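File shown here: work_35.pdb, holding PDB, C-alpha atoms.
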ATOM      1  CA  MET B 787       0.000   0.000   0.000
ATOM      2  CA  SER B 788       2.868   2.366   0.803
ATOM      3  CA  GLU B 789       4.391   1.749  -2.641
ATOM      4  CA  GLN B 790       1.078   2.744  -4.286
ATOM      5  CA  LYS B 791       1.015   5.985  -2.266
ATOM      6  CA  ASP B 792       4.576   6.777  -3.341
ATOM      7  CA  LEU B 793       3.718   6.083  -6.980
ATOM      8  CA  ASN B 794       0.616   8.314  -6.795
ATOM      9  CA  HIS B 795       2.665  11.061  -5.157
ATOM     10  CA  GLN B 796       5.314  10.827  -7.910
ATOM     11  CA  LEU B 797       2.612  10.940 -10.614
ATOM     12  CA  ASN B 798       1.026  14.004  -8.995
ATOM     13  CA  LEU B 799       4.419  15.742  -8.816
ATOM     14  CA  ARG B 800       5.106  14.937 -12.470
ATOM     15  CA  LYS B 801       1.658  16.238 -13.429
ATOM     16  CA  GLN B 802       2.281  19.477 -11.507
ATOM     17  CA  GLN B 803       5.679  19.866 -13.200
ATOM     18  CA  ASP B 804       3.977  19.670 -16.621
ATOM     19  CA  GLU B 805       1.742  22.606 -15.655
ATOM     20  CA  ASN B 806       2.716  26.263 -15.883
ATOM     21  CA  GLN B 807       1.069  29.046 -13.963
ATOM     22  CA  TYR B 808      -0.368  31.941 -15.940
ATOM     23  CA  LEU B 809      -1.384  35.361 -14.683
ATOM     24  CA  THR B 810      -4.491  36.368 -16.584
ATOM     25  CA  PHE B 811      -5.776  39.840 -17.311
ATOM     26  CA  MET B 812      -8.671  41.423 -19.132
ATOM     27  CA  MET B 813      -8.618  43.534 -22.283
ATOM     28  CA  ALA B 814     -11.716  44.458 -24.284
ATOM     29  CA  GLY B 815     -13.751  41.751 -22.558
ATOM     30  CA  GLU B 816     -11.261  38.985 -23.434
ATOM     31  CA  GLU B 817      -8.978  37.157 -21.014
ATOM     32  CA  TYR B 818      -5.266  36.865 -21.804
ATOM     33  CA  GLY B 819      -2.566  34.973 -19.935
ATOM     34  CA  LEU B 820       1.167  35.263 -19.544
ATOM     35  CA  ASP B 821       3.681  33.023 -17.818
ATOM     36  CA  ILE B 822       3.699  34.081 -14.177
ATOM     37  CA  LEU B 823       7.461  33.496 -13.975
ATOM     38  CA  ALA B 824       7.937  36.535 -16.241
ATOM     39  CA  VAL B 825       5.955  38.817 -13.903
ATOM     40  CA  GLN B 826       8.022  41.024 -11.612
ATOM     41  CA  GLU B 827       5.206  43.103 -10.138
ATOM     42  CA  ILE B 828       1.782  44.593 -10.727
ATOM     43  CA  ARG B 829       1.339  48.348 -10.325
ATOM     44  CA  GLY B 830      -1.507  50.802 -10.640
ATOM     45  CA  TRP B 831      -1.438  53.175 -13.605
ATOM     46  CA  GLU B 832       0.759  56.234 -13.116
ATOM     47  CA  ASP B 833       1.866  59.002 -15.440
ATOM     48  CA  VAL B 834       4.826  58.166 -17.652
ATOM     49  CA  THR B 835       7.556  60.181 -19.341
ATOM     50  CA  ALA B 836       6.873  60.322 -23.084
ATOM     51  CA  ILE B 837       9.526  58.955 -25.438
ATOM     52  CA  PRO B 838       9.736  61.003 -28.657
ATOM     53  CA  ASN B 839       9.307  59.210 -32.010
ATOM     54  CA  SER B 840       8.223  55.953 -30.381
ATOM     55  CA  PRO B 841       5.397  53.807 -31.786
ATOM     56  CA  SER B 842       1.922  54.843 -30.622
ATOM     57  CA  PHE B 843       1.602  51.752 -28.404
ATOM     58  CA  VAL B 844       4.671  52.829 -26.359
ATOM     59  CA  LYS B 845       3.093  55.153 -23.802
ATOM     60  CA  GLY B 846       6.453  56.231 -22.344
ATOM     61  CA  ALA B 847       8.744  55.085 -19.548
ATOM     62  CA  ILE B 848       8.884  55.020 -15.766
ATOM     63  CA  ASN B 849      11.795  54.867 -13.362
ATOM     64  CA  LEU B 850      11.350  51.692 -11.338
ATOM     65  CA  ARG B 851      13.916  51.669  -8.527
ATOM     66  CA  GLY B 852      16.649  52.905 -10.866
ATOM     67  CA  THR B 853      15.609  50.896 -13.930
ATOM     68  CA  ILE B 854      14.054  52.721 -16.877
ATOM     69  CA  VAL B 855      11.026  50.639 -17.883
ATOM     70  CA  PRO B 856       9.216  51.249 -21.201
ATOM     71  CA  ILE B 857       5.426  51.069 -20.840
ATOM     72  CA  ILE B 858       3.423  49.444 -23.648
ATOM     73  CA  ASP B 859      -0.344  49.700 -24.025
ATOM     74  CA  LEU B 860      -1.331  46.176 -25.095
ATOM     75  CA  ARG B 861      -4.646  47.387 -26.526
ATOM     76  CA  LEU B 862      -2.761  49.573 -28.998
ATOM     77  CA  ARG B 863      -0.119  46.894 -29.628
ATOM     78  CA  PHE B 864      -2.901  44.502 -30.683
ATOM     79  CA  GLY B 865      -4.864  47.097 -32.639
ATOM     80  CA  ILE B 866      -7.741  47.160 -30.107
ATOM     81  CA  GLN B 867      -9.535  50.458 -29.583
ATOM     82  CA  SER B 868      -7.954  52.553 -26.839
ATOM     83  CA  ILE B 869      -9.923  53.440 -23.706
ATOM     84  CA  SER B 870      -9.371  55.920 -20.879
ATOM     85  CA  TYR B 871      -7.392  54.498 -17.997
ATOM     86  CA  GLY B 872      -9.448  53.939 -14.849
ATOM     87  CA  PRO B 873      -9.032  52.702 -11.288
ATOM     88  CA  LEU B 874      -8.720  49.061 -12.426
ATOM     89  CA  THR B 875      -6.080  49.828 -15.082
ATOM     90  CA  VAL B 876      -2.796  48.214 -14.129
ATOM     91  CA  VAL B 877       0.746  47.919 -15.394
ATOM     92  CA  ILE B 878       2.165  44.406 -15.295
ATOM     93  CA  VAL B 879       5.955  44.695 -15.100
ATOM     94  CA  VAL B 880       7.584  41.723 -16.810
ATOM     95  CA  SER B 881      11.103  40.523 -17.511
ATOM     96  CA  VAL B 882      11.559  38.615 -20.744
ATOM     97  CA  GLN B 883      14.413  37.375 -22.944
ATOM     98  CA  ILE B 884      14.306  39.091 -26.349
ATOM     99  CA  ARG B 885      17.044  38.241 -28.832
ATOM    100  CA  GLU B 886      19.688  37.330 -26.249
ATOM    101  CA  GLN B 887      18.881  40.272 -23.956
ATOM    102  CA  GLN B 888      16.847  40.353 -20.769
ATOM    103  CA  LYS B 889      14.340  43.228 -21.000
ATOM    104  CA  VAL B 890      12.093  44.707 -18.336
ATOM    105  CA  MET B 891       8.890  46.273 -19.680
ATOM    106  CA  GLY B 892       5.489  47.308 -18.402
ATOM    107  CA  LEU B 893       2.203  46.215 -19.994
ATOM    108  CA  VAL B 894      -0.886  48.406 -19.571
ATOM    109  CA  VAL B 895      -4.008  46.215 -19.327
ATOM    110  CA  ASP B 896      -7.625  46.826 -18.334
ATOM    111  CA  ALA B 897      -7.536  44.712 -15.154
ATOM    112  CA  VAL B 898      -5.806  41.691 -13.622
ATOM    113  CA  SER B 899      -8.051  38.636 -13.506
ATOM    114  CA  ASP B 900      -6.686  35.402 -12.012
ATOM    115  CA  VAL B 901      -3.852  32.857 -11.832
ATOM    116  CA  TYR B 902      -4.353  29.462 -13.476
ATOM    117  CA  SER B 903      -2.254  26.304 -13.587
ATOM    118  CA  ILE B 904      -2.401  25.087 -17.174
ATOM    119  CA  SER B 905      -0.759  22.001 -18.644
ATOM    120  CA  GLN B 906       0.967  22.540 -21.968
ATOM    121  CA  GLU B 907      -0.982  19.777 -23.695
ATOM    122  CA  LYS B 908      -4.266  21.606 -23.006
ATOM    123  CA  ALA B 909      -3.127  24.653 -25.001
ATOM    124  CA  LYS B 910      -4.449  24.553 -28.555
ATOM    125  CA  ASP B 911      -2.734  26.081 -31.577
ATOM    126  CA  VAL B 912      -4.029  29.365 -32.896
ATOM    127  CA  PRO B 913      -6.111  29.116 -36.065
ATOM    128  CA  ASP B 914      -4.092  30.268 -39.081
ATOM    129  CA  PHE B 915      -5.411  33.524 -40.517
ATOM    130  CA  GLN B 916      -3.642  34.419 -43.749
ATOM    131  CA  ASP B 917      -3.952  38.217 -43.453
ATOM    132  CA  SER B 918      -3.188  38.593 -39.735
ATOM    133  CA  ASP B 919       0.131  39.124 -38.010
ATOM    134  CA  ASN B 920      -1.472  38.965 -34.555
ATOM    135  CA  GLY B 921      -1.149  35.161 -34.459
ATOM    136  CA  GLN B 922       2.594  35.494 -33.896
ATOM    137  CA  TYR B 923       1.865  37.025 -30.480
ATOM    138  CA  VAL B 924      -0.222  34.066 -29.315
ATOM    139  CA  HIS B 925       1.345  30.968 -27.777
ATOM    140  CA  GLY B 926      -1.938  29.080 -27.647
ATOM    141  CA  LEU B 927      -5.580  29.035 -26.632
ATOM    142  CA  VAL B 928      -6.916  27.153 -23.640
ATOM    143  CA  ASN B 929     -10.365  26.563 -22.164
ATOM    144  CA  VAL B 930     -10.633  27.353 -18.467
ATOM    145  CA  GLY B 931     -14.087  26.427 -17.284
ATOM    146  CA  GLU B 932     -16.564  28.088 -19.649
ATOM    147  CA  LYS B 933     -14.144  30.689 -21.019
ATOM    148  CA  MET B 934     -11.238  30.718 -23.422
ATOM    149  CA  VAL B 935      -7.920  32.271 -22.418
ATOM    150  CA  VAL B 936      -5.410  33.548 -24.974
ATOM    151  CA  LEU B 937      -1.871  32.624 -23.859
ATOM    152  CA  LEU B 938       0.627  35.227 -25.075
ATOM    153  CA  ASN B 939       4.135  34.764 -26.449
ATOM    154  CA  LEU B 940       5.694  37.644 -24.513
ATOM    155  CA  ALA B 941       8.986  37.636 -26.394
ATOM    156  CA  LYS B 942       7.125  38.320 -29.663
ATOM    157  CA  VAL B 943       4.702  40.820 -28.121
ATOM    158  CA  LEU B 944       7.515  42.853 -26.612
ATOM    159  CA  ASP B 945       9.977  42.677 -29.496
ATOM    160  CA  LEU B 946       9.572  46.285 -30.635
ATOM    161  CA  ASN B 947      11.690  45.609 -33.720
ATOM    162  CA  SER B 948       9.238  43.003 -34.996
ATOM    163  CA  LYS B 949       6.618  44.012 -37.543
ATOM    164  CA  GLN B 950       4.168  46.389 -35.896
ATOM    165  CA  VAL B 951       0.467  45.643 -35.868
ATOM    166  CA  ALA B 952      -2.309  48.070 -36.669
ATOM    167  CA  GLN B 953      -2.088  51.181 -34.573
ATOM    168  CA  SER B 954      -5.088  53.230 -33.417
TER     169      SER B 954
END

Go through the file and emit its structure as structure tokens.
Amino acid sequence: MSEQKDLNHQLNLRKQQDENQYLTFMMAGEEYGLDILAVQEIRGWEDVTAIPNSPSFVKGAINLRGTIVPIIDLRLRFGIQSISYGPLTVVIVVSVQIREQQKVMGLVVDAVSDVYSISQEKAKDVPDFQDSDNGQYVHGLVNVGEKMVVLLNLAKVLDLNSKQVAQS
């Protein structure tokens, strides 16, 4: 009986190791997720210093304990209509590897939602749309209960040298 318990424990550990945790947030009524290991902190919206000649989705930069952090409005990055920032608007500060460099950036989103443990095999591929570049930003789609969550590929989303999407 003890051997069976040990085996079940090992299987549960292996199952947990196959799952990643995702912080989810809301934008335009849709729920998006990003790997929680990339998240450094979540902050309320604050004024930023504008950066001249930057793409419209780059709102500016903040000084975060001595680190200059560019702030990107994900609505604008994805070509979603911009809205006024409110009390639920947050900046998710992330650290991500982009072309051999570790970058710290802030993502403006409508509101933080939840944290889910999601196994990689549950994530479905994104349907291929011939005329859309937005698919490159999506790692996969996953059903969580009755809703679908879009899992983001942060390295692609935050690579400002990649082809820009529609800008509002």

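Among the candidate residues B:Ala836, B:Val930, B:Met813, B:Val825, the one lying nearest to Ser903 of chain B is B:Val930, with distances computed using all atoms listed in the file.
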
Please evaluate the PyMOL selection byres ((chain B and resi 884-891) around 8) against the structure above and give the resulting residues as a list in words. Val855, Pro856, Ile857, Ile858, Val879, Val880, Ser881, Val882, Gln883, Gly892, Leu893, Ala941, Lys942, Leu944 and Asp945 of chain B

Output for the residues just chosen: C-alpha atoms as a short mmCIF file (atom, residue, chain, number, x, y, z; two decimals), in the coordinates of the input:
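Written output follows (selection-v2.cif):
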data_model
loop_
_atom_site.label_atom_id
_atom_site.label_comp_id
_atom_site.auth_asym_id
_atom_site.auth_seq_id
_atom_site.Cartn_x
_atom_site.Cartn_y
_atom_site.Cartn_z
CA VAL B 855 11.03 50.64 -17.88
CA PRO B 856 9.22 51.25 -21.20
CA ILE B 857 5.43 51.07 -20.84
CA ILE B 858 3.42 49.44 -23.65
CA VAL B 879 5.96 44.70 -15.10
CA VAL B 880 7.58 41.72 -16.81
CA SER B 881 11.10 40.52 -17.51
CA VAL B 882 11.56 38.62 -20.74
CA GLN B 883 14.41 37.38 -22.94
CA GLY B 892 5.49 47.31 -18.40
CA LEU B 893 2.20 46.22 -19.99
CA ALA B 941 8.99 37.64 -26.39
CA LYS B 942 7.12 38.32 -29.66
CA LEU B 944 7.52 42.85 -26.61
CA ASP B 945 9.98 42.68 -29.50
#

I'd like to know which of B:Thr875, B:Ser870, B:Gln922, B:Ser842 is closest to Leu937 of chain B, using all atoms listed in the file. B:Gln922

For the atom pair atom CA of Asn806 of chain B and atom CA of Gly926 of chain B, what is the interatomic distance in Å to one decimal place? 13.0 Å

Quick one: 6 Å padding each side, axis-aligned, all listed atoms of segment 937-940 of chain B - centre and edge lengths in Å to one decimal, as lines of an AutoDock Vina configuration file?
center_x = 1.9
center_y = 35.1
center_z = -25.2
size_x = 19.6
size_y = 17.0
size_z = 14.6

Output the residue selection produced by the PyMOL selection byres ((chain B and resi 928) around 8) on the file above, formatted as a PyMOL selection string. chain B and resi 908-910+926-927+929-930+934-937

Would you save the residues from that selection as a tab-separated table (two decimals), in the coordinates of the input, using C-alpha atoms?
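For reference, part.tsv as written:
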chain	number	residue	atom	x	y	z
B	908	LYS	CA	-4.27	21.61	-23.01
B	909	ALA	CA	-3.13	24.65	-25.00
B	910	LYS	CA	-4.45	24.55	-28.56
B	926	GLY	CA	-1.94	29.08	-27.65
B	927	LEU	CA	-5.58	29.04	-26.63
B	929	ASN	CA	-10.36	26.56	-22.16
B	930	VAL	CA	-10.63	27.35	-18.47
B	934	MET	CA	-11.24	30.72	-23.42
B	935	VAL	CA	-7.92	32.27	-22.42
B	936	VAL	CA	-5.41	33.55	-24.97
B	937	LEU	CA	-1.87	32.62	-23.86

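A straight line drawn from atom CA of Ala897 of chain B to atom CA of Asn849 of chain B is 21.9 Å long.
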
Please, what distance in Å, to one decimal, runs between atom CA of Glu817 of chain B and atom CA of Thr853 of chain B? 29.0 Å

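Evaluated on this file, the PyMOL selection byres ((chain B and resi 939) around 6) matches Tyr923, Val924, His925, Leu938, Leu940, Ala941 and Lys942 of chain B.
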
Of the listed residues B:Ala814, B:Val898, B:Ile869, B:Val877, that which approaches Ile848 of chain B most closely, counting all atoms listed in the file: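 Between B:Ala814, B:Val898, B:Ile869, B:Val877, the residue approaching Ile848 of chain B most closely is B:Val877.
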
Compare B:Met812, B:Asn947, B:Glu907, B:Asp833 by their minimum atom-to-atom distance to Gly846 of chain B, counting all atoms listed in the file, and give me the closest one.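 With all atoms listed in the file as the atom set, the closest residue is B:Asp833.
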
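If all atoms listed in the file are the atoms counted, then among B:Val894, B:Val943, B:Ile866, B:Leu874 the closest residue to Glu816 of chain B is B:Ile866.
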